[in-house]
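Presented below is the structure to which this report refers.
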Amino acid sequence: MVKYRQDPTFKEPRFSGISTFMRLPHVKTLENVDVAIIGVPFDTGQTFRTGARFGPQAIRNFSSLVRCSSNHQKINIFDYISAVDYGDIPVVPGFIQETYKNIVEVLAPMYKKEIVPIVMGGDHSISLGELRAAAEHYGPVSLVHFDAHTDTVDSYFGQRYTHGTPFRRAVEEGLIDPVHSIQIGLRGSINSVDEYDQSRELGFEVITTEEVLDMGIKSLISSIKHRVAGRRVFLSFDVDFIDPAFAPGTGTPEVGGIYPREAFQILRQLTDIPFIGFDVVEVLPAYDHGDITSALAANVMFEMMCLTALNKKEHT
C-alpha cells in the first residue's frame, strides 16, 4: 500500500523545492489517504481587511520547518497516517455561493471515504461549505470553535453569507448540533450586549476569553469533552483566537487574547475526540510580521494532524 508522508528530514534543505504543507507530496488522490491538506483561498466574505486569500500560500511556505514527530504526544505522525497536500479548491472570488458549491464538490468525496480534511483559509465564511460537505456523510456534527467572535450574526450589510455568519447558517441548515457544540475565546467590543446570548439561544455553549482564564485549561478541557461526548466533531480555529501581539496577520484582530503557549496546551489535550475535519482560517499575510501568524497556523495544523494520528493509533 502506498503511504504518503513528509520527505525524509535530511534529504534536502527545508528552504528548497516547491512549497507544499510540511513538504508532503502534492497528489490529488483519495486512495490510501488518511489526511488531506487543502487550501481554500477565498476572502471576499470578510467585512474588514481582505487578503486572507493568500493565507494558504503563506502557511505552506512556513510549514517546511514543521517536523513530523511530537515530543508532547510521543508520536511520529506518519507512523499512523498517510497524508497529502491536495492543493487548493478552485474558488470564485466575489461569488460565495459558487465557491461553496466547489468546496462541497471537492470535500464531500473525502468525507464519504472518511478522510480527514485539514483546510487552510481563507476567511471564516468557508466553514459553511466545509460543514455542508461533512453533513452529507455524517449528518449534523458537533462544533468546537476557537475564535474571538461568535460568527453567528444574522447578516452584515443585508448579506446573510459572510465570515461573521457561517455558524448561524450551519445551525439553520441542520449541519451542526449546537446543543453539543462549544465556542471558546470570545472577547472584545460587540455589536450589542446580547450578542453572546444570541449564540446561547441557538444552543451553543459560550466561553469567553476571561472565563477561560478564570476556569483554567484543565476545566476547559473537561467542558469541551463533556459537551461533545459521543459525537463526531469538527474543529474550527480562527487565528484571531490568539492575542494579536502573537498573531497580527488576521482580518479582525481583537486585543486581550489567549497566548500561543496556552492555545497549544489546549489543543494537545483534545485527545479521545473523534474529529472528522478541521480548519484554520483568517491568516492574512499582508499584516503579518516575520511570518509569525503563518508559523502559528502551520503549527496548529500539525497539532491537528497529531490528534488524527492518535485517533488512528487508538483504532489500529
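Every chain in the C-alpha cells takes a letter, A first, then B, and so on in the order presented; its residues are numbered from 1, and the ligands are numbered from 1 following the presented order.
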
Exercise. If you count only C-alpha atoms, which residues fall within 10 Å of Leu175 of chain A, apart from same-chain ones fewer than 3 positions away, as a list in words?
Worked result: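 Listed by chain and then number, they are Leu128, Glu130, Leu131, Arg132, Ala133, Ala134, Ala135, Glu136, Tyr138, Gly139, Pro140, Val141, Ser142, Leu143, Phe167, Arg169, Ala170, Val171, Glu172 and Pro178 of chain A.
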
Pick out the residues sitting within 9 Å of segment 39-51 of chain A, and hand them over as an mmCIF file with N, CA and C atoms, in the first residue's frame; count only C-alpha atoms, and ignore anything fewer than 2 positions along from it in its own chain.
```
data_model
loop_
_atom_site.group_PDB
_atom_site.id
_atom_site.type_symbol
_atom_site.label_atom_id
_atom_site.label_comp_id
_atom_site.auth_asym_id
_atom_site.auth_seq_id
_atom_site.Cartn_x
_atom_site.Cartn_y
_atom_site.Cartn_z
ATOM 1 N N ILE A 37 -4.542 17.822 3.235
ATOM 2 C CA ILE A 37 -4.352 19.250 3.483
ATOM 3 C C ILE A 37 -4.875 19.994 2.257
ATOM 4 N N ARG A 53 -6.961 35.441 1.200
ATOM 5 C CA ARG A 53 -6.808 34.535 0.050
ATOM 6 C C ARG A 53 -5.366 34.068 -0.093
ATOM 7 N N PHE A 54 -4.436 34.832 0.454
ATOM 8 C CA PHE A 54 -3.025 34.446 0.381
ATOM 9 C C PHE A 54 -2.574 33.634 1.601
ATOM 10 N N GLY A 55 -3.513 33.309 2.493
ATOM 11 C CA GLY A 55 -3.177 32.545 3.686
ATOM 12 C C GLY A 55 -2.612 31.164 3.405
ATOM 13 N N PRO A 56 -3.265 30.345 2.548
ATOM 14 C CA PRO A 56 -2.722 29.001 2.298
ATOM 15 C C PRO A 56 -1.297 29.020 1.769
ATOM 16 N N GLN A 57 -1.013 29.958 0.885
ATOM 17 C CA GLN A 57 0.342 30.067 0.328
ATOM 18 C C GLN A 57 1.352 30.370 1.426
ATOM 19 N N ASP A 85 -0.781 16.837 0.424
ATOM 20 C CA ASP A 85 -1.228 18.208 0.170
ATOM 21 C C ASP A 85 -2.037 18.147 -1.117
ATOM 22 N N TYR A 86 -3.343 18.259 -0.989
ATOM 23 C CA TYR A 86 -4.256 18.087 -2.115
ATOM 24 C C TYR A 86 -4.310 19.322 -3.013
ATOM 25 N N GLY A 87 -3.671 20.409 -2.570
ATOM 26 C CA GLY A 87 -3.720 21.654 -3.331
ATOM 27 C C GLY A 87 -4.863 22.537 -2.865
ATOM 28 N N ASP A 88 -5.318 23.416 -3.741
ATOM 29 C CA ASP A 88 -6.365 24.373 -3.399
ATOM 30 C C ASP A 88 -7.671 24.055 -4.117
ATOM 31 N N ILE A 89 -8.769 24.316 -3.433
ATOM 32 C CA ILE A 89 -10.083 24.242 -4.063
ATOM 33 C C ILE A 89 -10.243 25.462 -4.971
ATOM 34 N N PRO A 90 -10.761 25.292 -6.180
ATOM 35 C CA PRO A 90 -10.917 26.433 -7.095
ATOM 36 C C PRO A 90 -12.045 27.360 -6.632
ATOM 37 N N VAL A 91 -11.669 28.449 -5.999
ATOM 38 C CA VAL A 91 -12.655 29.405 -5.501
ATOM 39 C C VAL A 91 -13.060 30.362 -6.618
ATOM 40 N N VAL A 92 -14.153 31.096 -6.384
ATOM 41 C CA VAL A 92 -14.632 32.093 -7.342
ATOM 42 C C VAL A 92 -14.657 33.430 -6.604
ATOM 43 N N PRO A 93 -13.611 34.246 -6.714
ATOM 44 C CA PRO A 93 -13.536 35.479 -5.921
ATOM 45 C C PRO A 93 -14.769 36.357 -6.120
ATOM 46 N N GLY A 94 -15.362 36.758 -5.000
ATOM 47 C CA GLY A 94 -16.521 37.622 -5.052
ATOM 48 C C GLY A 94 -17.840 36.896 -5.166
ATOM 49 N N PHE A 95 -17.806 35.566 -5.333
ATOM 50 C CA PHE A 95 -19.029 34.791 -5.523
ATOM 51 C C PHE A 95 -19.043 33.645 -4.511
ATOM 52 N N ILE A 96 -19.674 33.894 -3.375
ATOM 53 C CA ILE A 96 -19.563 32.969 -2.259
ATOM 54 C C ILE A 96 -20.352 31.689 -2.480
ATOM 55 N N THR A 99 -18.488 29.425 -4.738
ATOM 56 C CA THR A 99 -17.347 28.870 -4.012
ATOM 57 C C THR A 99 -17.799 27.759 -3.071
ATOM 58 N N ILE A 103 -16.445 23.916 -2.870
ATOM 59 C CA ILE A 103 -15.951 23.298 -1.632
ATOM 60 C C ILE A 103 -16.634 21.952 -1.408
ATOM 61 N N ILE A 118 -7.925 18.819 6.487
ATOM 62 C CA ILE A 118 -7.453 19.944 7.295
ATOM 63 C C ILE A 118 -7.329 21.115 6.331
ATOM 64 N N VAL A 119 -8.235 22.068 6.472
ATOM 65 C CA VAL A 119 -8.397 23.135 5.485
ATOM 66 C C VAL A 119 -7.723 24.407 5.972
ATOM 67 N N MET A 120 -7.023 25.072 5.055
ATOM 68 C CA MET A 120 -6.422 26.373 5.320
ATOM 69 C C MET A 120 -7.245 27.443 4.611
ATOM 70 N N GLY A 121 -7.747 28.433 5.399
ATOM 71 C CA GLY A 121 -8.433 29.566 4.777
ATOM 72 C C GLY A 121 -7.437 30.631 4.394
ATOM 73 N N GLY A 122 -7.921 31.655 3.707
ATOM 74 C CA GLY A 122 -9.301 31.976 3.556
ATOM 75 C C GLY A 122 -9.956 32.513 4.822
ATOM 76 N N ASP A 123 -11.077 33.238 4.586
ATOM 77 C CA ASP A 123 -11.814 33.778 5.716
ATOM 78 C C ASP A 123 -12.774 32.735 6.271
ATOM 79 N N HIS A 124 -13.435 33.085 7.381
ATOM 80 C CA HIS A 124 -14.215 32.085 8.108
ATOM 81 C C HIS A 124 -15.516 31.720 7.414
ATOM 82 N N SER A 125 -15.893 32.445 6.380
ATOM 83 C CA SER A 125 -17.104 32.073 5.652
ATOM 84 C C SER A 125 -16.994 30.687 5.038
ATOM 85 N N ILE A 126 -15.770 30.219 4.770
ATOM 86 C CA ILE A 126 -15.593 28.934 4.084
ATOM 87 C C ILE A 126 -16.055 27.759 4.935
ATOM 88 N N TYR A 156 -24.654 40.864 7.688
ATOM 89 C CA TYR A 156 -23.864 42.090 7.613
ATOM 90 C C TYR A 156 -24.230 42.803 6.323
ATOM 91 N N TYR A 161 -24.430 35.801 4.053
ATOM 92 C CA TYR A 161 -23.288 34.904 3.898
ATOM 93 C C TYR A 161 -21.998 35.719 3.913
ATOM 94 N N THR A 162 -21.384 35.796 5.109
ATOM 95 C CA THR A 162 -20.115 36.487 5.307
ATOM 96 C C THR A 162 -19.293 35.678 6.299
ATOM 97 N N HIS A 163 -18.112 36.185 6.630
ATOM 98 C CA HIS A 163 -17.302 35.460 7.623
ATOM 99 C C HIS A 163 -17.838 35.651 9.043
ATOM 100 N N GLY A 164 -18.848 36.501 9.217
ATOM 101 C CA GLY A 164 -19.455 36.677 10.526
ATOM 102 C C GLY A 164 -20.754 35.910 10.729
ATOM 103 N N THR A 250 -4.164 38.996 10.602
ATOM 104 C CA THR A 250 -5.536 38.495 10.557
ATOM 105 C C THR A 250 -6.482 39.632 10.222
ATOM 106 N N GLY A 251 -7.707 39.283 9.866
ATOM 107 C CA GLY A 251 -8.624 40.265 9.308
ATOM 108 C C GLY A 251 -9.288 41.176 10.309
ATOM 109 N N THR A 252 -9.668 40.642 11.489
ATOM 110 C CA THR A 252 -10.372 41.436 12.504
ATOM 111 C C THR A 252 -9.750 41.167 13.867
ATOM 112 N N GLU A 282 -8.427 32.734 8.489
ATOM 113 C CA GLU A 282 -8.195 34.166 8.714
ATOM 114 C C GLU A 282 -6.724 34.545 8.841
ATOM 115 N N VAL A 283 -5.817 33.769 8.243
ATOM 116 C CA VAL A 283 -4.413 34.189 8.161
ATOM 117 C C VAL A 283 -4.289 35.191 7.018
ATOM 118 N N LEU A 284 -3.815 36.378 7.336
ATOM 119 C CA LEU A 284 -3.737 37.468 6.358
ATOM 120 C C LEU A 284 -2.290 37.954 6.293
ATOM 121 N N PRO A 285 -1.507 37.428 5.352
ATOM 122 C CA PRO A 285 -0.065 37.680 5.344
ATOM 123 C C PRO A 285 0.337 39.146 5.212
ATOM 124 N N ALA A 286 -0.464 39.974 4.558
ATOM 125 C CA ALA A 286 -0.083 41.373 4.352
ATOM 126 C C ALA A 286 0.072 42.129 5.667
ATOM 127 N N TYR A 287 -0.582 41.665 6.719
ATOM 128 C CA TYR A 287 -0.483 42.312 8.024
ATOM 129 C C TYR A 287 0.369 41.498 9.000
#
```

Exercise. Can you tell me how far atom CA of Gly290 of chain A sits from atom CA of Glu12 of chain A, in Å to one decimal?
Worked result: 23.5 Å

Using only C-alpha atoms, tabulate the residues of segment 199-271 of chain A lying at most 12 Å from any atom of segment 67-77 of chain A, each with its closest atom pair and that distance in Å to one decimal, by chain and increasing residue number, as a Markdown table.
```
| residue | atom | partner | partner_atom | distance |
| --- | --- | --- | --- | --- |
| A:Phe264 | CA | A:His72 | CA | 10.4 |
| A:Gln265 | CA | A:His72 | CA | 9.7 |
| A:Leu267 | CA | A:Gln73 | CA | 11.2 |
| A:Arg268 | CA | A:Gln73 | CA | 7.6 |
| A:Gln269 | CA | A:Gln73 | CA | 9.4 |
| A:Leu270 | CA | A:Gln73 | CA | 11.3 |
| A:Thr271 | CA | A:Gln73 | CA | 9.7 |
```

Exercise. Atom CA of Lys112 of chain A to atom CA of His145 of chain A: how many Å, to one decimal?
Worked result: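 Atom CA of His145 of chain A lies at a distance of 23.0 Å from atom CA of Lys112 of chain A.
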
Seminar exercise, completed: Counting only C-alpha atoms, the residue among A:Pro248, A:Asp154, A:Val144, A:Ser199 that lies closest to Ala229 of chain A is A:Val144
